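Q: Handing you this structure, nothing more for now.
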Protein chains: 2
Amino acid sequence: MQFHLNGFEPGDPEIADTAQRYPESGAKGALPAEVDVLVVGCGPAGLTLATQLAAFPDIKTVIAEQKTGPLLRGQADGIACRTVEMFEAFGFSEKVLKEACWINETTFWKPDDRQPANIASSGRIQDVEDGLSEFPHVVLNQARVHDFYLDVMRKSPAKLEPHYARRLIDLHIDTAGNDPHRVTARFERVDEAHQGEIETIKARYVVGCDGARSQVRKSIGRTLEGDSANHAWGVMDVLAVTDFPDVRMKSLIQSAADGSIIIIPREGGYLFRIYVEMDKLDEGERVGNRNIAADQVIAAARRVFKPYTLDVKEVAWWSVYEIGQRLCDKFDNVEDGAADELPCVFIAGDACHTHSPKAGQGMNVSMQDGFNLGWKLASVLRGRAKPQLLHTYSGERQAVAKELIDFDREWAKVISSSKGADPAETQRYFVQHGRYTAGTATRYRPALLTGEPTHQHLAKGLTIGTRFHSAPVIRVGDAMKIELGHTVKADGRWRLFAFAPKGDAGQAGGRLRALCDFLATAAESPIRKYTPAGADIDAVFDVRAIVQQGHRDVAINAMPPLLLPAKGKFGLRDYEKVFAPDLKGGHDIFDMRGVDRAQGCLVIVRPDQYVAHVLPMHAYEELATYFDGFMLTA
Amino acid sequence: MQFHLNGFEPGDPEIADTAQRYPESGAKGALPAEVDVLVVGCGPAGLTLATQLAAFPDIKTVIAEQKTGPLLRGQADGIACRTVEMFEAFGFSEKVLKEACWINETTFWKPDDRQPANIASSGRIQDVEDGLSEFPHVVLNQARVHDFYLDVMRKSPAKLEPHYARRLIDLHIDTAGNDPHRVTARFERVDEAHQGEIETIKARYVVGCDGARSQVRKSIGRTLEGDSANHAWGVMDVLAVTDFPDVRMKSLIQSAADGSIIIIPREGGYLFRIYVEMDKLDEGERVGNRNIAADQVIAAARRVFKPYTLDVKEVAWWSVYEIGQRLCDKFDNVEDGAADELPCVFIAGDACHTHSPKAGQGMNVSMQDGFNLGWKLASVLRGRAKPQLLHTYSGERQAVAKELIDFDREWAKVISSSKGADPAETQRYFVQHGRYTAGTATRYRPALLTGEPTHQHLAKGLTIGTRFHSAPVIRVGDAMKIELGHTVKADGRWRLFAFAPKGDAGQAGGRLRALCDFLATAAESPIRKYTPAGADIDAVFDVRAIVQQGHRDVAINAMPPLLLPAKGKFGLRDYEKVFAPDLKGGHDIFDMRGVDRAQGCLVIVRPDQYVAHVLPMHAYEELATYFDGFMLTA
């Protein structure tokens, strides 16, 4: 898609009339007096969380935002492969893939050996290594990501819309009373019509997704610790004419004497973003001085760009910020060691960790926070899981944020150290850390939700604690080629992927049939224990089988009934539970993910797409024990 | 996507509240007094045409429909590969691919040799041959196709919405006067609030897309000729439980004594369509008797289905119809031989040709009618082409419809002749005619718009007169892998694809540079002659080059200026004009489409994606002559 040719316009580029691109939105009326979950802040973390909660009509959620309406421009733009995988679960990946700019290759530029005042091309690499994800690395205005979430929320069972123009004044946690709505929040309305009105709302849970200056964080007495300013950068979205040949590639440019810039091509084919290292500006212009004019940022970029010209026609958005990698020690209101106490206030996104934008991580990690917390809150509120499950949010996400900040810090150092650094070193570092920037390096350590790697050898490529790495398969019922990972939707359900041993197509006496029989009938089966009466058999645990035969060699009707379940009010059969390798396409998921062909295995995948456990197919006791650790009988 | 589990619900399945799935739509108020184009009928032909016209804000269009609102259920469902290619041009292919049911394989069933009262599987084939199109064959409720068109229309520059509840009374053509609005139409309003009100509207052009009983067709004195009834079929969309194993495949089933049925799996994973041959019903139930109860259709299906059971839980829609292949001899109001006269009334879709639904052709051919006529009307109305161009609509589309009806007739005969026919014969016929059903067999014969195949050998796989057969390429500016055919959007523009000779990357002295220089500067250049002053250089002719080198070996800045054009009010550079083969992916477009590597060639592609001509790169005179045949200087 090409757009923004005659100037940046916010909103849906498929609507020709720019005045109609952002329809009126937001909930009308006052805040309700009482909710299950109060989400503070309509950024990436808050919207991911609220969209997840909105999938459940039995959960009452409010999302409140200080701004008077949806974000229209600027801010973050990088969308990692892992994030697109999550968007697929939320049902809008295809919109992002259509509208975003795909980052296919990254180029490197350094001072020209012969004329060091000029830059020269020094390298070019594929941006994402082959096979890392079925999705690309893309960039898109953060505002459009918000729009897609808002659209899903609005259409969801809970029909959720944000309450805009609400400034959080304070939070009060009732530690004594019996009311499960333990938190009371006070908001001031900041729109003209209601200026100064105070609203009070009680919630079972409050999640602060209210950014680096989070009021929720302050109210639970936590602080962001770390460097608050070590390097200043200017960032600018421009429409410009240049003869720099790689302007539609992600380009890392180091000059000899004028610092570094990064070029990020953007959606629509014309817009691009420039990051300018501001340390190299004259003293009077730099760190701490936020009144730097856009013109000075442009001038700085031009100095690095030589011998190429840069004629900026329009600045769509710009900002100067200081890189600060900062972190909270815990992401909820419970003190370390107070394990008996149950958390009722959480913080997510920039409220508890901030990153250098250079690695394009901030927005991505924030959304994963929301995805991690959303299904857990829903499980507890719907009576499916013990509230102790909620401890795992801070446990998992704080460790991930810390790892990332360590990575960020190193990365920012590499990017900024233009003088001494070897450009080849930068490039090597970039390649090495591709998995980090793609968002696929996240790995949760063994704990309540993450199994020990005792049986990891049964599926070497589906690492416990990492996100389920999808691979193509053929759906037996209709010969449809799909990505197996795309069956993991953001619907709060668990997936049990049964990889059948060689020759096993569900026949009597085989492991697949035995596992299905156990799951369908045994008293200890998690399906039997934790699926509410009257619900579909796959309402909580979605069992899917992958056989080794070609899809034409499998008799769907001979499968165990659990794999051809009767569902809904009519008892219609669901034909989408059985898969075969894509042999014609040369993609055998058993090879691609290192699954033991002789033994098969069972892979447990969490509602947020992470591999919780890998078990032998007949390890019924371990399977039951895993879920007994945190589930509640229906 | 899975939906319709608990009953068929019309509208957008992504909206949870079924009551909100079809928002209020339709233009308010009376018809305008005067328009450029009046489209009568909101079926596939009318919507394709109106959506194309709505892309041009300078064309005033009305689309009027007798029904009181959008279609919600039933009717056609087959969407050929070629049609999805067109949807890509209109910008909504990704929505169809997400929501539709993909037809991956077709199965064949015949009487069991040992127990002829039962059916047995006799074969299974891939539905679409490899490489025929980059898109699959899918099925989706026709109503949803309408919805996607209505959405594009609403968002388009002309912001077009249908005028519902208008019954066309009559048309009058003024053959004498000077008013360019030669046609006067009278409508009766049929909604309750305006019952019986008469509206009069004058139009330059009227297009009758008003179905098999077209009032527009009658008003120009044309008739549908051909068989009006030779075989009766029941068609039924059901939610049902069955142990027939191929219920999620397209299945052609011939029984020994009870006729044939066809199973078409449908969107959402549960719904499927059954076609039942009704000739084999008892005398009292069959042809001519349209009061056949749904139960009798189900009973007929059950008899064929033995030994499998069919327990129908809900009938979402059903109908009984008689197959009739009928055709008009001409698709406009000008008599054969009266070439001086210019047409002002056209008919499209079922108004001028009807088909057996068995080959899944009716909706697809109708949409191609609309696509064919749309850009021609727009070109004439916008002063870019001579009105004589409009003769080509009937010339091209009537011949295609005739070919297809001949095919249909044969197909229906094969399907119906269950008793004698060899099932292997049916299967062979099906394979052989795959290209027909995919919609890619359409070929316009040499005429005003279609060049002689003198230079066809320069691009053997891009057959003149057929649709441009896409292939993957890498866009040089940003290393993006795309389908070259997807650059052909429904924007009324012509594409000139310059395939460069070996070693030619646009350098001085090469053929690519010479061609670009000719196009950019020569007085005879169609770009110079036919692009309005002040418009972007690619406003009428969109020139794109495909080189033979790997994309990293091409210097984008060294390309001729025409391939890095300055556009829009800022003169921003368009980096999306130059492509290279996808060498890493093993897809070399030069090999795939048989392009002469030594000489290269120029391929002219029409605004509706058909290959108009293949010429040597230096055949400037032939190039100019082709466009001089029908274009008008700006």
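Residues are named by chain letter and number: chains run A, B, ... in the order of the structure tokens, numbers start at 1 in each chain, and ligands are numbered from 1 in the order shown.
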Sort by chain and increasing residue number a table of all residues of chain B within 8 Å of chain A, each with its closest pair of atoms and their distance in Å to one decimal, counting only C-alpha atoms, and write it as a tab-separated table.
A:
residue	atom	partner	partner_atom	distance
B:Leu5	CA	A:Gly568	CA	6.0
B:Asn6	CA	A:Gly568	CA	5.6
B:Glu14	CA	A:Lys155	CA	6.7
B:Ile15	CA	A:Lys155	CA	4.5
B:Ala16	CA	A:Pro157	CA	5.1
B:Asp17	CA	A:Pro157	CA	6.6
B:Glu94	CA	A:Glu94	CA	6.9
B:Trp102	CA	A:Met480	CA	7.2
B:Ile103	CA	A:Asp478	CA	7.8
B:Asn104	CA	A:Ala479	CA	5.9
B:Glu105	CA	A:Ala479	CA	6.6
B:Lys155	CA	A:Ile15	CA	4.5
B:Ser156	CA	A:Ala16	CA	5.3
B:Pro157	CA	A:Ala16	CA	5.1
B:Leu239	CA	A:Leu572	CA	7.4
B:Ala240	CA	A:Leu572	CA	6.5
B:Val241	CA	A:Leu572	CA	5.6
B:Asp243	CA	A:Asn557	CA	7.0
B:Pro245	CA	A:Asn557	CA	6.1
B:Asp246	CA	A:Gly477	CA	7.3
B:Arg248	CA	A:Asp478	CA	5.0
B:Met249	CA	A:Asp478	CA	5.4
B:Gly269	CA	A:Asp574	CA	7.3
B:Tyr270	CA	A:Leu572	CA	7.1
B:Lys313	CA	A:Phe570	CA	6.3
B:Gly477	CA	A:Arg248	CA	6.0
B:Asp478	CA	A:Arg248	CA	5.0
B:Ala479	CA	A:Asn104	CA	5.9
B:Met480	CA	A:Asn104	CA	6.2
B:Ala555	CA	A:Pro245	CA	7.7
B:Ile556	CA	A:Pro245	CA	6.5
B:Asn557	CA	A:Pro245	CA	6.1
B:Lys567	CA	A:Leu5	CA	7.6
B:Gly568	CA	A:Asn6	CA	5.6
B:Lys569	CA	A:Asn6	CA	5.7
B:Phe570	CA	A:Lys313	CA	6.3
B:Gly571	CA	A:Val241	CA	7.5
B:Leu572	CA	A:Val241	CA	5.6
B:Arg573	CA	A:Val241	CA	6.5
B:Asp574	CA	A:Tyr270	CA	7.2
B:Tyr575	CA	A:Gly269	CA	7.4
B:Glu576	CA	A:Gly269	CA	7.8
Q: Do a neighbour search on stretch 460-462 of chain A at 10 Å with only C-alpha atoms, toss out local chain neighbours closer than 6 positions, and write the hits as a ChimeraX atom specification.
A: /A:468-470,589-596,603,610-614
Q: Just the selected residues (C-alpha atoms), exported as an mmCIF file, in the first residue's frame, please.
A:
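Listed below is the output, part-v6.cif:
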data_model
loop_
_atom_site.group_PDB
_atom_site.id
_atom_site.type_symbol
_atom_site.label_atom_id
_atom_site.label_comp_id
_atom_site.auth_asym_id
_atom_site.auth_seq_id
_atom_site.Cartn_x
_atom_site.Cartn_y
_atom_site.Cartn_z
ATOM 1 C CA PHE A 468 5.439 -22.142 20.647
ATOM 2 C CA HIS A 469 7.423 -21.984 17.422
ATOM 3 C CA SER A 470 4.879 -22.568 14.686
ATOM 4 C CA ILE A 589 6.949 -30.484 11.394
ATOM 5 C CA PHE A 590 8.483 -33.546 13.090
ATOM 6 C CA ASP A 591 11.847 -32.708 11.520
ATOM 7 C CA MET A 592 11.470 -28.945 11.793
ATOM 8 C CA ARG A 593 10.797 -29.066 15.532
ATOM 9 C CA GLY A 594 12.869 -32.123 16.390
ATOM 10 C CA VAL A 595 9.980 -34.274 17.580
ATOM 11 C CA ASP A 596 10.908 -37.855 18.534
ATOM 12 C CA VAL A 603 3.289 -30.403 24.140
ATOM 13 C CA TYR A 610 4.275 -20.216 25.490
ATOM 14 C CA VAL A 611 5.338 -23.854 25.760
ATOM 15 C CA ALA A 612 4.476 -24.859 29.321
ATOM 16 C CA HIS A 613 5.668 -28.441 29.181
ATOM 17 C CA VAL A 614 6.851 -31.300 26.989
#
Q: Please give the complete set of residues from stretch 153-391 of chain A that DSSP, run on the backbone, assigns to alpha helix (DSSP H), formatted as a PyMOL selection string.
A: chain A and resi 153-155+215-219+294-305+362-381+391
Q: Output C-alpha atoms for every residue in that selection, as a JSON list (two decimals), in the first residue's frame.
A:
[["chain", "number", "residue", "atom", "x", "y", "z"],
["A", 153, "MET", "CA", -12.35, -4.69, 21.68],
["A", 154, "ARG", "CA", -15.39, -2.95, 20.25],
["A", 155, "LYS", "CA", -16.49, -6.07, 18.35],
["A", 215, "GLN", "CA", 0.54, 7.02, 39.04],
["A", 216, "VAL", "CA", -0.41, 3.41, 39.78],
["A", 217, "ARG", "CA", 3.25, 2.53, 40.33],
["A", 218, "LYS", "CA", 3.67, 5.45, 42.70],
["A", 219, "SER", "CA", 0.53, 4.45, 44.60],
["A", 294, "ALA", "CA", 13.26, 20.22, 14.67],
["A", 295, "ASP", "CA", 15.54, 22.14, 12.33],
["A", 296, "GLN", "CA", 18.52, 21.33, 14.48],
["A", 297, "VAL", "CA", 17.69, 17.64, 14.42],
["A", 298, "ILE", "CA", 17.51, 17.84, 10.64],
["A", 299, "ALA", "CA", 20.83, 19.69, 10.51],
["A", 300, "ALA", "CA", 22.44, 16.99, 12.62],
["A", 301, "ALA", "CA", 21.09, 14.27, 10.33],
["A", 302, "ARG", "CA", 22.41, 16.11, 7.31],
["A", 303, "ARG", "CA", 25.92, 16.25, 8.72],
["A", 304, "VAL", "CA", 25.97, 12.45, 9.12],
["A", 305, "PHE", "CA", 24.35, 11.88, 5.72],
["A", 362, "GLY", "CA", 9.54, -1.01, 24.31],
["A", 363, "MET", "CA", 6.15, -1.40, 22.68],
["A", 364, "ASN", "CA", 6.71, -5.10, 21.99],
["A", 365, "VAL", "CA", 7.65, -6.06, 25.54],
["A", 366, "SER", "CA", 4.76, -4.00, 26.89],
["A", 367, "MET", "CA", 2.24, -5.84, 24.77],
["A", 368, "GLN", "CA", 3.67, -9.17, 25.92],
["A", 369, "ASP", "CA", 3.17, -7.99, 29.52],
["A", 370, "GLY", "CA", -0.49, -7.44, 28.76],
["A", 371, "PHE", "CA", -0.82, -10.79, 27.00],
["A", 372, "ASN", "CA", 0.86, -12.56, 29.95],
["A", 373, "LEU", "CA", -1.39, -11.00, 32.56],
["A", 374, "GLY", "CA", -4.66, -11.06, 30.63],
["A", 375, "TRP", "CA", -5.36, -14.79, 30.54],
["A", 376, "LYS", "CA", -4.22, -15.18, 34.14],
["A", 377, "LEU", "CA", -6.63, -12.55, 35.42],
["A", 378, "ALA", "CA", -9.39, -14.05, 33.30],
["A", 379, "SER", "CA", -8.69, -17.58, 34.61],
["A", 380, "VAL", "CA", -8.81, -16.43, 38.21],
["A", 381, "LEU", "CA", -11.88, -14.22, 37.78],
["A", 391, "HIS", "CA", 2.18, -14.27, 41.38]]
Q: Residues within 12 Å of B:Phe148, please, as a PyMOL selection string. Count only C-alpha atoms; anything in the same chain fewer than 2 positions from it doesn't count.
A: chain B and resi 11-12+22+44+47-48+51+70-71+87-88+90-96+99+140-146+150-155
Q: Between atom CA of B:His618 and atom CA of B:Gln599, measure the distance and give it in Å to one decimal.
A: 9.7 Å
Q: Select, from A:Pro116, A:Gly509, A:Gly434, A:Pro357, the residue with the minimum atom-to-atom distance to A:Glu129, counting only C-alpha atoms.
A: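 Going through A:Pro116, A:Gly509, A:Gly434, A:Pro357 one by one, the smallest distance to A:Glu129 is for A:Gly434.
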Q: Rank nothing, just name the residue among B:Phe272, B:Arg475, B:Ser319, B:Asp170 nearest to B:Ala232, using only C-alpha atoms.
A: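 Ranking B:Phe272, B:Arg475, B:Ser319, B:Asp170 by distance to B:Ala232, first place goes to B:Ser319.
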Q: Leaving out stretch 446-449 of chain B and any residue of its chain fewer than 5 positions from it, which residues lie within 12 Å of it when counting only C-alpha atoms, given as a compact mmCIF listing (two decimals) with N, CA, C and O atoms, in the first residue's frame?
A:
# COMPACT_ATOMS: atom_id res chain seq x y z
N ASN B 372 -14.59 -5.35 -16.39
CA ASN B 372 -14.29 -5.02 -17.78
C ASN B 372 -14.90 -3.67 -18.18
O ASN B 372 -14.25 -2.84 -18.82
N LYS B 376 -13.49 1.15 -18.56
CA LYS B 376 -13.78 1.72 -19.88
C LYS B 376 -14.71 2.93 -19.74
O LYS B 376 -14.46 3.99 -20.33
N ALA B 385 -10.31 8.39 -23.08
CA ALA B 385 -10.46 7.44 -24.19
C ALA B 385 -11.65 7.84 -25.03
O ALA B 385 -12.60 8.48 -24.57
N LYS B 386 -11.58 7.44 -26.31
CA LYS B 386 -12.68 7.70 -27.24
C LYS B 386 -13.88 6.84 -26.84
O LYS B 386 -13.71 5.70 -26.41
N GLN B 388 -15.72 5.18 -28.57
CA GLN B 388 -15.76 3.94 -29.34
C GLN B 388 -15.20 2.76 -28.54
O GLN B 388 -15.49 1.60 -28.83
N LEU B 389 -14.38 3.08 -27.55
CA LEU B 389 -13.84 2.03 -26.67
C LEU B 389 -14.95 1.18 -26.08
O LEU B 389 -14.78 -0.01 -25.81
N LEU B 390 -16.13 1.82 -25.88
CA LEU B 390 -17.23 1.13 -25.20
C LEU B 390 -17.80 -0.03 -26.01
O LEU B 390 -18.44 -0.92 -25.45
N HIS B 391 -17.55 -0.02 -27.34
CA HIS B 391 -17.99 -1.17 -28.15
C HIS B 391 -17.30 -2.45 -27.70
O HIS B 391 -17.82 -3.55 -27.90
N THR B 392 -16.10 -2.33 -27.15
CA THR B 392 -15.34 -3.54 -26.82
C THR B 392 -15.95 -4.31 -25.67
O THR B 392 -15.65 -5.49 -25.49
N TYR B 393 -16.81 -3.65 -24.88
CA TYR B 393 -17.39 -4.38 -23.75
C TYR B 393 -18.22 -5.56 -24.23
O TYR B 393 -17.97 -6.71 -23.88
N GLY B 395 -18.30 -6.78 -27.21
CA GLY B 395 -17.45 -7.61 -28.08
C GLY B 395 -16.67 -8.63 -27.27
O GLY B 395 -16.61 -9.82 -27.63
N GLU B 396 -16.07 -8.18 -26.18
CA GLU B 396 -15.23 -9.09 -25.38
C GLU B 396 -16.07 -10.02 -24.50
O GLU B 396 -15.85 -11.23 -24.45
N THR B 454 2.16 -11.18 -32.67
CA THR B 454 3.40 -11.13 -33.46
C THR B 454 4.65 -11.37 -32.61
O THR B 454 5.57 -12.06 -33.00
N THR B 463 0.33 -14.58 -22.00
CA THR B 463 -0.42 -14.67 -23.25
C THR B 463 -1.28 -13.43 -23.49
O THR B 463 -2.08 -13.05 -22.62
N ILE B 464 -1.10 -12.83 -24.66
CA ILE B 464 -1.91 -11.67 -25.02
C ILE B 464 -3.39 -12.04 -24.98
O ILE B 464 -3.79 -13.08 -25.52
N GLY B 465 -4.19 -11.21 -24.34
CA GLY B 465 -5.63 -11.46 -24.27
C GLY B 465 -6.06 -12.18 -23.01
O GLY B 465 -7.24 -12.25 -22.70
N THR B 466 -5.10 -12.76 -22.27
CA THR B 466 -5.44 -13.42 -21.00
C THR B 466 -5.04 -12.51 -19.84
O THR B 466 -4.29 -11.55 -20.02
N TRP B 494 -2.99 2.07 -16.68
CA TRP B 494 -2.33 1.05 -17.50
C TRP B 494 -0.96 0.74 -16.90
O TRP B 494 -0.30 1.64 -16.39
N ILE B 604 2.21 -4.82 -22.00
CA ILE B 604 1.19 -3.80 -21.70
C ILE B 604 0.01 -4.49 -21.01
O ILE B 604 -0.55 -5.45 -21.55
N VAL B 605 -0.33 -4.02 -19.84
CA VAL B 605 -1.42 -4.64 -19.07
C VAL B 605 -2.54 -3.63 -18.85
O VAL B 605 -2.31 -2.49 -18.44
N ARG B 606 -3.75 -4.05 -19.16
CA ARG B 606 -4.92 -3.19 -19.06
C ARG B 606 -5.30 -2.91 -17.61
O ARG B 606 -4.89 -3.63 -16.71
N PRO B 607 -6.12 -1.91 -17.41
CA PRO B 607 -6.57 -1.60 -16.04
C PRO B 607 -7.34 -2.74 -15.39
O PRO B 607 -7.46 -2.78 -14.17
N ASP B 608 -7.87 -3.69 -16.18
CA ASP B 608 -8.56 -4.83 -15.59
C ASP B 608 -7.67 -6.07 -15.57
O ASP B 608 -8.16 -7.19 -15.48
N TYR B 610 -5.73 -7.56 -17.80
CA TYR B 610 -5.50 -8.40 -18.96
C TYR B 610 -4.29 -7.92 -19.75
O TYR B 610 -4.03 -6.72 -19.82
N VAL B 611 -3.55 -8.89 -20.31
CA VAL B 611 -2.40 -8.54 -21.14
C VAL B 611 -2.91 -8.01 -22.47
O VAL B 611 -3.58 -8.73 -23.22
N ALA B 612 -2.63 -6.75 -22.74
CA ALA B 612 -3.10 -6.13 -23.97
C ALA B 612 -2.14 -6.38 -25.12
O ALA B 612 -2.56 -6.55 -26.27
N HIS B 613 -0.84 -6.41 -24.80
CA HIS B 613 0.14 -6.54 -25.87
C HIS B 613 1.48 -6.98 -25.30
O HIS B 613 1.78 -6.71 -24.14
N THR B 625 1.22 3.42 -31.52
CA THR B 625 0.06 3.12 -32.35
C THR B 625 -1.03 2.43 -31.55
O THR B 625 -2.22 2.72 -31.71
N TYR B 626 -0.61 1.51 -30.68
CA TYR B 626 -1.61 0.80 -29.88
C TYR B 626 -2.47 1.78 -29.09
O TYR B 626 -3.70 1.74 -29.17
N PHE B 627 -1.83 2.69 -28.38
CA PHE B 627 -2.62 3.62 -27.54
C PHE B 627 -3.33 4.69 -28.37
O PHE B 627 -4.40 5.16 -28.00
N ASP B 628 -2.73 5.06 -29.52
CA ASP B 628 -3.39 6.05 -30.37
C ASP B 628 -4.73 5.53 -30.89
O ASP B 628 -5.60 6.30 -31.28
N GLY B 629 -4.90 4.22 -30.86
CA GLY B 629 -6.13 3.61 -31.37
C GLY B 629 -7.37 3.99 -30.58
O GLY B 629 -8.48 3.97 -31.11
N PHE B 630 -7.19 4.34 -29.30
CA PHE B 630 -8.40 4.60 -28.51
C PHE B 630 -8.22 5.70 -27.46
O PHE B 630 -9.20 6.09 -26.82
N MET B 631 -7.00 6.19 -27.26
CA MET B 631 -6.82 7.21 -26.24
C MET B 631 -7.10 8.60 -26.81
O MET B 631 -7.05 8.83 -28.02
Q: Could you name the residues that touch B:Val400 at 8 Å or less, counting only C-alpha atoms, but leaving out those on the same chain fewer than 4 positions away, as a PyMOL selection string?
A: chain B and resi 396+404+442-444
Q: Would you work out the distance separating atom CA of B:His353 from atom CA of B:Val40, expressed in Å to one decimal?
A: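 Separating atom CA of B:His353 from atom CA of B:Val40 is a distance of 16.1 Å.
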Q: Neighbours of B:Ala193 within 12 Å (only C-alpha atoms; same-chain residues fewer than 4 positions away dropped), as a PyMOL selection string?
A: chain B and resi 29+68+165+189+197
Q: Would you please work out which residue, of B:Ala212, B:Leu602, B:Val276, B:Leu458, is nearest to B:Asp350 when using only C-alpha atoms?
A: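 Among the listed residues, B:Ala212 lies closest to B:Asp350.
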